[in-house]
$ cat target-v1.cif   # mmCIF, N, CA and C atoms
data_upload
#
loop_
_atom_site.label_atom_id
_atom_site.label_comp_id
_atom_site.auth_asym_id
_atom_site.auth_seq_id
_atom_site.Cartn_x
_atom_site.Cartn_y
_atom_site.Cartn_z
N MET A 15 157.83 60.79 125.98
CA MET A 15 159.17 60.48 125.52
C MET A 15 159.10 59.32 124.55
N GLN A 16 159.56 59.52 123.37
CA GLN A 16 159.61 58.46 122.39
C GLN A 16 160.95 57.77 122.45
N ILE A 17 160.92 56.47 122.26
CA ILE A 17 162.18 55.74 122.22
C ILE A 17 163.04 56.28 121.08
N GLN A 18 162.42 56.55 119.95
CA GLN A 18 163.15 57.06 118.81
C GLN A 18 163.85 58.38 119.14
N THR A 19 163.18 59.24 119.92
CA THR A 19 163.76 60.52 120.29
C THR A 19 165.01 60.30 121.13
N VAL A 20 164.95 59.38 122.08
CA VAL A 20 166.11 59.10 122.93
C VAL A 20 167.25 58.57 122.08
N THR A 21 166.96 57.64 121.17
CA THR A 21 167.98 57.08 120.31
C THR A 21 168.60 58.15 119.42
N THR A 22 167.77 59.02 118.84
CA THR A 22 168.27 60.10 118.01
C THR A 22 169.17 61.02 118.82
N PHE A 23 168.79 61.30 120.06
CA PHE A 23 169.60 62.15 120.91
C PHE A 23 170.98 61.54 121.14
N ILE A 24 171.01 60.24 121.33
CA ILE A 24 172.30 59.57 121.54
C ILE A 24 173.17 59.72 120.30
N TYR A 25 172.61 59.48 119.12
CA TYR A 25 173.40 59.65 117.91
C TYR A 25 173.94 61.07 117.81
N HIS A 26 173.08 62.05 118.08
CA HIS A 26 173.51 63.45 118.03
C HIS A 26 174.64 63.69 119.02
N SER A 27 174.50 63.19 120.23
CA SER A 27 175.53 63.40 121.24
C SER A 27 176.84 62.75 120.82
N PHE A 28 176.75 61.54 120.25
CA PHE A 28 177.97 60.85 119.84
C PHE A 28 178.70 61.62 118.74
N ARG A 29 177.95 62.21 117.81
CA ARG A 29 178.58 62.94 116.71
C ARG A 29 179.31 64.19 117.20
N THR A 30 178.85 64.77 118.28
CA THR A 30 179.45 66.02 118.74
C THR A 30 180.66 65.81 119.65
N MET A 31 180.95 64.58 120.00
CA MET A 31 182.08 64.30 120.89
C MET A 31 183.17 63.58 120.09
N GLU A 32 184.26 64.27 119.80
CA GLU A 32 185.29 63.73 118.92
C GLU A 32 186.05 62.55 119.50
N LYS A 33 186.20 62.47 120.80
CA LYS A 33 187.01 61.41 121.39
C LYS A 33 186.26 60.08 121.53
N ILE A 34 184.97 60.10 121.27
CA ILE A 34 184.17 58.89 121.34
C ILE A 34 184.30 58.15 120.01
N GLU A 35 184.72 56.91 120.05
CA GLU A 35 184.91 56.13 118.84
C GLU A 35 183.63 55.39 118.47
N LYS A 36 183.60 54.88 117.24
CA LYS A 36 182.43 54.17 116.76
C LYS A 36 182.09 52.98 117.67
N HIS A 37 183.10 52.30 118.13
CA HIS A 37 182.86 51.15 119.01
C HIS A 37 182.18 51.58 120.32
N ASP A 38 182.55 52.75 120.83
CA ASP A 38 181.89 53.28 122.02
C ASP A 38 180.41 53.55 121.74
N LEU A 39 180.13 54.02 120.53
CA LEU A 39 178.75 54.23 120.09
C LEU A 39 177.95 52.93 120.19
N GLU A 40 178.54 51.87 119.68
CA GLU A 40 177.88 50.57 119.68
C GLU A 40 177.63 50.07 121.10
N ILE A 41 178.60 50.27 121.97
CA ILE A 41 178.42 49.88 123.37
C ILE A 41 177.31 50.71 124.01
N GLY A 42 177.31 52.01 123.76
CA GLY A 42 176.26 52.87 124.30
C GLY A 42 174.89 52.44 123.82
N GLN A 43 174.77 52.11 122.55
CA GLN A 43 173.49 51.64 122.00
C GLN A 43 173.08 50.33 122.67
N TYR A 44 174.02 49.46 122.88
CA TYR A 44 173.76 48.18 123.54
C TYR A 44 173.22 48.40 124.96
N ILE A 45 173.87 49.26 125.71
CA ILE A 45 173.43 49.56 127.08
C ILE A 45 172.04 50.19 127.05
N LEU A 46 171.83 51.11 126.13
CA LEU A 46 170.52 51.75 126.02
C LEU A 46 169.43 50.73 125.68
N THR A 47 169.73 49.78 124.84
CA THR A 47 168.78 48.72 124.51
C THR A 47 168.39 47.93 125.76
N ILE A 48 169.35 47.67 126.61
CA ILE A 48 169.06 46.95 127.86
C ILE A 48 168.14 47.80 128.73
N LEU A 49 168.45 49.09 128.89
CA LEU A 49 167.62 49.96 129.73
C LEU A 49 166.21 50.10 129.16
N LYS A 50 166.07 50.15 127.84
CA LYS A 50 164.75 50.29 127.22
C LYS A 50 163.88 49.06 127.46
N SER A 51 164.49 47.94 127.82
CA SER A 51 163.69 46.74 128.06
C SER A 51 162.83 46.86 129.32
N ARG A 52 163.15 47.82 130.18
CA ARG A 52 162.35 48.05 131.41
C ARG A 52 162.19 49.54 131.64
N LEU A 53 161.51 50.20 130.70
CA LEU A 53 161.30 51.64 130.82
C LEU A 53 160.54 52.02 132.08
N ASP A 54 159.68 51.13 132.58
CA ASP A 54 158.95 51.43 133.81
C ASP A 54 159.91 51.64 134.98
N ILE A 55 160.93 50.81 135.06
CA ILE A 55 161.90 50.94 136.15
C ILE A 55 162.80 52.15 135.91
N VAL A 56 163.28 52.31 134.68
CA VAL A 56 164.15 53.44 134.35
C VAL A 56 163.43 54.77 134.63
N ALA A 57 162.15 54.85 134.29
CA ALA A 57 161.39 56.07 134.55
C ALA A 57 161.29 56.35 136.05
N SER A 58 161.23 55.31 136.86
CA SER A 58 161.12 55.52 138.32
C SER A 58 162.37 56.16 138.91
N TRP A 59 163.48 56.11 138.18
CA TRP A 59 164.72 56.73 138.67
C TRP A 59 164.72 58.24 138.47
N GLY A 60 163.72 58.77 137.81
CA GLY A 60 163.76 60.18 137.43
C GLY A 60 164.77 60.41 136.33
N PHE A 61 164.91 59.42 135.47
CA PHE A 61 165.84 59.47 134.34
C PHE A 61 165.53 60.68 133.46
N ASP A 62 166.55 61.49 133.16
CA ASP A 62 166.39 62.66 132.32
C ASP A 62 167.04 62.40 130.97
N PRO A 63 166.25 62.12 129.92
CA PRO A 63 166.84 61.79 128.62
C PRO A 63 167.66 62.92 128.01
N LYS A 64 167.42 64.14 128.43
CA LYS A 64 168.20 65.27 127.89
C LYS A 64 169.66 65.22 128.34
N THR A 65 169.93 64.49 129.42
CA THR A 65 171.29 64.42 129.95
C THR A 65 172.06 63.21 129.44
N LEU A 66 171.42 62.38 128.68
CA LEU A 66 172.03 61.17 128.15
C LEU A 66 173.17 61.52 127.20
N LYS A 67 174.36 61.00 127.49
CA LYS A 67 175.49 61.29 126.61
C LYS A 67 176.49 60.15 126.67
N PRO A 68 177.31 60.07 125.65
CA PRO A 68 178.28 58.98 125.59
C PRO A 68 179.49 59.25 126.47
N ILE A 69 180.04 58.16 126.94
CA ILE A 69 181.34 58.18 127.62
C ILE A 69 182.13 57.01 127.05
N LYS A 70 183.37 56.94 127.35
CA LYS A 70 184.19 55.84 126.85
C LYS A 70 183.60 54.52 127.33
N ALA A 71 183.26 53.65 126.40
CA ALA A 71 182.73 52.31 126.66
C ALA A 71 181.39 52.32 127.39
N GLY A 72 180.61 53.41 127.25
CA GLY A 72 179.32 53.41 127.93
C GLY A 72 178.52 54.68 127.75
N ILE A 73 177.62 54.89 128.70
CA ILE A 73 176.76 56.07 128.68
C ILE A 73 176.69 56.70 130.06
N GLU A 74 176.24 57.95 130.06
CA GLU A 74 176.05 58.72 131.29
C GLU A 74 174.67 59.36 131.21
N PHE A 75 173.98 59.43 132.35
CA PHE A 75 172.69 60.10 132.41
C PHE A 75 172.43 60.56 133.84
N HIS A 76 171.53 61.53 133.97
CA HIS A 76 171.18 62.08 135.28
C HIS A 76 169.90 61.42 135.78
N VAL A 77 169.87 61.16 137.09
CA VAL A 77 168.68 60.59 137.73
C VAL A 77 168.33 61.41 138.96
N GLN A 78 167.10 61.24 139.39
CA GLN A 78 166.65 61.87 140.63
C GLN A 78 165.84 60.82 141.38
N GLY A 79 166.55 59.90 142.02
CA GLY A 79 165.90 58.80 142.72
C GLY A 79 165.77 59.07 144.21
N PHE A 80 165.13 58.13 144.90
CA PHE A 80 164.98 58.25 146.35
C PHE A 80 166.34 58.18 147.06
N LYS A 81 167.28 57.40 146.53
CA LYS A 81 168.57 57.21 147.18
C LYS A 81 169.71 58.02 146.55
N HIS A 82 169.61 58.29 145.27
CA HIS A 82 170.70 59.00 144.58
C HIS A 82 170.14 60.01 143.60
N THR A 83 170.64 61.22 143.69
CA THR A 83 170.38 62.25 142.69
C THR A 83 171.73 62.67 142.15
N GLY A 84 171.88 62.53 140.85
CA GLY A 84 173.15 62.87 140.23
C GLY A 84 173.32 62.05 138.97
N LEU A 85 174.57 61.91 138.57
CA LEU A 85 174.87 61.17 137.34
C LEU A 85 175.05 59.68 137.62
N VAL A 86 174.75 58.90 136.61
CA VAL A 86 175.02 57.46 136.61
C VAL A 86 175.86 57.18 135.37
N HIS A 87 177.00 56.53 135.58
CA HIS A 87 177.83 56.07 134.48
C HIS A 87 177.65 54.57 134.38
N VAL A 88 177.34 54.08 133.19
CA VAL A 88 177.24 52.64 132.95
C VAL A 88 178.23 52.31 131.85
N THR A 89 179.18 51.44 132.16
CA THR A 89 180.19 51.05 131.18
C THR A 89 180.25 49.54 131.08
N LEU A 90 180.76 49.08 129.95
CA LEU A 90 180.93 47.65 129.70
C LEU A 90 182.40 47.33 129.66
N ASN A 91 182.81 46.38 130.48
CA ASN A 91 184.17 45.84 130.42
C ASN A 91 184.08 44.63 129.50
N GLU A 92 184.42 44.83 128.24
CA GLU A 92 184.27 43.75 127.26
C GLU A 92 185.19 42.57 127.53
N GLY A 93 186.36 42.83 128.06
CA GLY A 93 187.31 41.75 128.34
C GLY A 93 186.76 40.74 129.32
N GLU A 94 186.01 41.23 130.30
CA GLU A 94 185.44 40.35 131.32
C GLU A 94 183.95 40.12 131.12
N ASP A 95 183.35 40.83 130.15
CA ASP A 95 181.92 40.73 129.85
C ASP A 95 181.06 41.08 131.06
N TYR A 96 181.46 42.13 131.77
CA TYR A 96 180.73 42.63 132.92
C TYR A 96 180.46 44.12 132.72
N PHE A 97 179.46 44.61 133.45
CA PHE A 97 179.17 46.04 133.46
C PHE A 97 179.70 46.64 134.75
N GLU A 98 179.90 47.95 134.71
CA GLU A 98 180.28 48.72 135.89
C GLU A 98 179.35 49.92 135.97
N VAL A 99 178.87 50.21 137.18
CA VAL A 99 177.97 51.34 137.41
C VAL A 99 178.60 52.25 138.45
N SER A 100 178.72 53.53 138.11
CA SER A 100 179.24 54.52 139.06
C SER A 100 178.18 55.58 139.31
N LEU A 101 178.00 55.93 140.57
CA LEU A 101 177.09 57.00 140.96
C LEU A 101 177.93 58.23 141.27
N ILE A 102 177.59 59.34 140.66
CA ILE A 102 178.37 60.57 140.79
C ILE A 102 177.45 61.68 141.24
N SER A 103 177.84 62.37 142.28
CA SER A 103 177.02 63.46 142.82
C SER A 103 176.96 64.61 141.83
N ASP A 104 176.01 65.51 142.05
CA ASP A 104 175.90 66.69 141.19
C ASP A 104 177.16 67.57 141.27
N SER A 105 177.92 67.43 142.34
CA SER A 105 179.16 68.20 142.47
C SER A 105 180.35 67.49 141.81
N GLY A 106 180.12 66.28 141.27
CA GLY A 106 181.18 65.57 140.55
C GLY A 106 181.90 64.51 141.36
N GLU A 107 181.53 64.31 142.60
CA GLU A 107 182.19 63.33 143.46
C GLU A 107 181.65 61.92 143.18
N ILE A 108 182.56 60.96 142.99
CA ILE A 108 182.14 59.57 142.81
C ILE A 108 181.70 59.05 144.18
N LYS A 109 180.42 58.72 144.28
CA LYS A 109 179.84 58.27 145.55
C LYS A 109 179.97 56.77 145.74
N GLU A 110 179.84 56.03 144.64
CA GLU A 110 179.85 54.58 144.73
C GLU A 110 180.12 54.00 143.34
N THR A 111 180.83 52.89 143.30
CA THR A 111 181.05 52.17 142.07
C THR A 111 180.78 50.69 142.33
N ARG A 112 179.97 50.11 141.48
CA ARG A 112 179.67 48.68 141.56
C ARG A 112 180.24 48.02 140.31
N LYS A 113 181.02 46.97 140.52
CA LYS A 113 181.70 46.30 139.42
C LYS A 113 181.20 44.87 139.26
N SER A 114 181.62 44.26 138.18
CA SER A 114 181.33 42.85 137.90
C SER A 114 179.83 42.55 137.91
N ILE A 115 179.07 43.35 137.18
CA ILE A 115 177.62 43.21 137.12
C ILE A 115 177.26 42.44 135.84
N PHE A 116 176.56 41.34 136.02
CA PHE A 116 176.10 40.55 134.88
C PHE A 116 174.99 41.29 134.15
N LEU A 117 174.80 40.96 132.88
CA LEU A 117 173.76 41.55 132.06
C LEU A 117 172.39 41.49 132.74
N GLY A 118 172.00 40.35 133.24
CA GLY A 118 170.69 40.16 133.85
C GLY A 118 170.51 40.92 135.16
N GLU A 119 171.59 41.44 135.71
CA GLU A 119 171.54 42.17 136.98
C GLU A 119 171.68 43.68 136.81
N LEU A 120 171.91 44.14 135.58
CA LEU A 120 172.24 45.55 135.37
C LEU A 120 171.13 46.48 135.85
N ILE A 121 169.91 46.28 135.40
CA ILE A 121 168.83 47.19 135.76
C ILE A 121 168.53 47.12 137.25
N SER A 122 168.49 45.91 137.82
CA SER A 122 168.20 45.80 139.26
C SER A 122 169.32 46.39 140.11
N THR A 123 170.55 46.30 139.63
CA THR A 123 171.68 46.90 140.36
C THR A 123 171.55 48.42 140.39
N ILE A 124 171.25 49.01 139.23
CA ILE A 124 171.05 50.47 139.19
C ILE A 124 169.85 50.85 140.04
N ASP A 125 168.78 50.09 139.94
CA ASP A 125 167.57 50.37 140.72
C ASP A 125 167.85 50.33 142.22
N ASP A 126 168.60 49.33 142.66
CA ASP A 126 168.95 49.23 144.08
C ASP A 126 169.80 50.42 144.53
N ALA A 127 170.69 50.88 143.67
CA ALA A 127 171.58 51.98 144.04
C ALA A 127 170.90 53.35 143.97
N VAL A 128 169.94 53.51 143.06
CA VAL A 128 169.34 54.82 142.81
C VAL A 128 168.00 54.99 143.50
N GLU A 129 167.17 53.97 143.52
CA GLU A 129 165.76 54.15 143.85
C GLU A 129 165.23 53.32 145.01
N LYS A 130 165.59 52.06 145.08
CA LYS A 130 164.96 51.14 146.03
C LYS A 130 165.31 51.48 147.47
N VAL A 131 164.29 51.74 148.25
CA VAL A 131 164.44 52.00 149.67
C VAL A 131 163.56 50.99 150.42
N GLU A 132 163.78 50.87 151.71
CA GLU A 132 162.88 50.03 152.51
C GLU A 132 161.48 50.61 152.43
N ASP A 133 160.49 49.76 152.46
CA ASP A 133 159.09 50.18 152.34
C ASP A 133 158.88 51.03 151.10
N TYR A 134 159.40 50.56 149.99
CA TYR A 134 159.33 51.29 148.72
C TYR A 134 157.90 51.67 148.35
N ASP A 135 156.98 50.72 148.47
CA ASP A 135 155.58 51.00 148.10
C ASP A 135 154.99 52.12 148.94
N LYS A 136 155.29 52.12 150.25
CA LYS A 136 154.79 53.20 151.13
C LYS A 136 155.39 54.54 150.72
N ARG A 137 156.66 54.54 150.40
CA ARG A 137 157.34 55.79 150.02
C ARG A 137 156.74 56.35 148.73
N VAL A 138 156.50 55.46 147.76
CA VAL A 138 155.89 55.90 146.50
C VAL A 138 154.48 56.43 146.76
N ALA A 139 153.73 55.72 147.61
CA ALA A 139 152.36 56.15 147.91
C ALA A 139 152.34 57.53 148.57
N THR A 140 153.34 57.79 149.41
CA THR A 140 153.43 59.09 150.08
C THR A 140 153.84 60.19 149.11
N GLU A 141 154.86 59.91 148.30
CA GLU A 141 155.38 60.91 147.37
C GLU A 141 154.46 61.14 146.17
N TYR A 142 153.80 60.06 145.74
CA TYR A 142 152.99 60.12 144.52
C TYR A 142 151.62 59.49 144.78
N PRO A 143 150.76 60.17 145.52
CA PRO A 143 149.47 59.58 145.90
C PRO A 143 148.58 59.20 144.72
N PHE A 144 148.77 59.84 143.57
CA PHE A 144 147.95 59.52 142.40
C PHE A 144 148.27 58.13 141.84
N LEU A 145 149.38 57.54 142.29
CA LEU A 145 149.74 56.20 141.82
C LEU A 145 149.20 55.08 142.72
N THR A 146 148.60 55.44 143.84
CA THR A 146 148.16 54.40 144.77
C THR A 146 146.86 53.77 144.31
N ASP A 147 146.70 52.55 144.70
CA ASP A 147 145.50 51.79 144.39
C ASP A 147 144.40 52.21 145.36
N PRO A 148 143.26 52.74 144.88
CA PRO A 148 142.20 53.20 145.77
C PRO A 148 141.65 52.09 146.67
N GLN A 149 141.72 50.85 146.20
CA GLN A 149 141.24 49.71 146.99
C GLN A 149 142.20 49.35 148.13
N ASN A 150 143.47 49.66 147.92
CA ASN A 150 144.50 49.33 148.92
C ASN A 150 145.55 50.44 148.88
N PRO A 151 145.37 51.50 149.68
CA PRO A 151 146.24 52.69 149.61
C PRO A 151 147.72 52.44 149.87
N GLU A 152 148.07 51.28 150.44
CA GLU A 152 149.48 51.01 150.68
C GLU A 152 150.15 50.31 149.50
N LYS A 153 149.39 49.99 148.48
CA LYS A 153 149.94 49.34 147.29
C LYS A 153 149.99 50.33 146.13
N VAL A 154 151.03 50.23 145.36
CA VAL A 154 151.18 51.07 144.19
C VAL A 154 150.52 50.38 143.01
N ARG A 155 149.74 51.14 142.26
CA ARG A 155 149.10 50.59 141.07
C ARG A 155 150.15 50.29 140.02
N PRO A 156 149.92 49.24 139.25
CA PRO A 156 150.82 49.04 138.10
C PRO A 156 150.64 50.21 137.14
N VAL A 157 151.72 50.71 136.63
CA VAL A 157 151.68 51.86 135.74
C VAL A 157 152.18 51.43 134.37
N GLU A 158 151.46 51.81 133.34
CA GLU A 158 151.90 51.53 131.99
C GLU A 158 152.61 52.76 131.45
N ILE A 159 153.71 52.52 130.82
CA ILE A 159 154.43 53.60 130.15
C ILE A 159 153.84 53.71 128.75
N ILE A 160 153.34 54.86 128.42
CA ILE A 160 152.74 55.06 127.11
C ILE A 160 153.74 55.86 126.27
N ILE A 161 154.12 55.29 125.15
CA ILE A 161 155.04 55.96 124.26
C ILE A 161 154.23 56.53 123.12
N LEU A 162 154.23 57.84 123.04
CA LEU A 162 153.44 58.52 122.01
C LEU A 162 154.09 58.45 120.65
#

$ encode --input "target-v1.cif" --output "structure tokens"
Amino acid sequence: MQIQTVTTFIYHSFRTMEKIEKHDLEIGQYILTILKSRLDIVASWGFDPKTLKPIKAGIEFHVQGFKHTGLVHVTLNEGEDYFEVSLISDSGEIKETRKSIFLGELISTIDDAVEKVEDYDKRVATEYPFLTDPQNPEKVRPVEIIIL
């Protein structure tokens, strides 16, 4: 997955949705820039770039995490300078909404809601044995995201 490909997809999606305004585009790009700062964490959510699309004042994408499988809506409340994250089931039901999220907490808030479980390293080692450290099977190896 190339960063450029994801960005191009967002532009394409924004052009095809008439109700999305230019300012919404800018907010979506801003949120995407934040998520791109920690692609390792975003990838752990089972983030599907093909599902990335604009919404009013934010973006929507599908994840397949340990705790949540479905859509994630991330929006910016510019008046209060906070983010809001909503988890939506595949059937369309809003499962949870977290409000008043500071910029520095956005990725960890989504990670806690979508992926982080107790004994996370053990769960990853069980689900993805190729990621475990051969010297210490209960620890997950650091993984580098390679962008081709």

$ closest_residue --input "target-v1.cif" --among "A:Ile34, A:Ile55, A:Val86, A:Ile108" --to "Lys70 of chain A" --atoms "only N, CA and C atoms"
A:Ile34

$ resolve_selection --input "target-v1.cif" --expression "the PyMOL selection byres (((chain A and resi 84 and name CA) around 8) and name CA)" --output "PyMOL selection string"
chain A and resi 76-78+82-83+85-86+101-104

$ closest_residue --input "target-v1.cif" --among "A:Gly79, A:Pro63, A:Gly93, A:Gly42" --to "Val128 of chain A" --atoms "only C-alpha atoms"
A:Gly79

$ atom_distance --input "target-v1.cif" --atom1 "atom CA of Glu35 of chain A" --atom2 "atom CA of Ser114 of chain A"
23.5 Å

$ atom_distance --input "target-v1.cif" --atom1 "atom N of Lys130 of chain A" --atom2 "atom CA of Asp54 of chain A"
13.1 Å

$ atom_distance --input "target-v1.cif" --atom1 "atom CA of Gly60 of chain A" --atom2 "atom CA of Glu74 of chain A"
13.8 Å

$ select_by_dssp --input "target-v1.cif" --residues "segment 19-136 of chain A" --states "strand (DSSP E)" --output "VMD selection string"
chain A and resid 62 to 69 72 to 78 83 to 91 96 to 103 108 to 115

$ select_by_dssp --input "target-v1.cif" --residues "segment 53-85 of chain A" --states "helix (DSSP H, G or I)" --output "ChimeraX atom specification"
/A:53-58
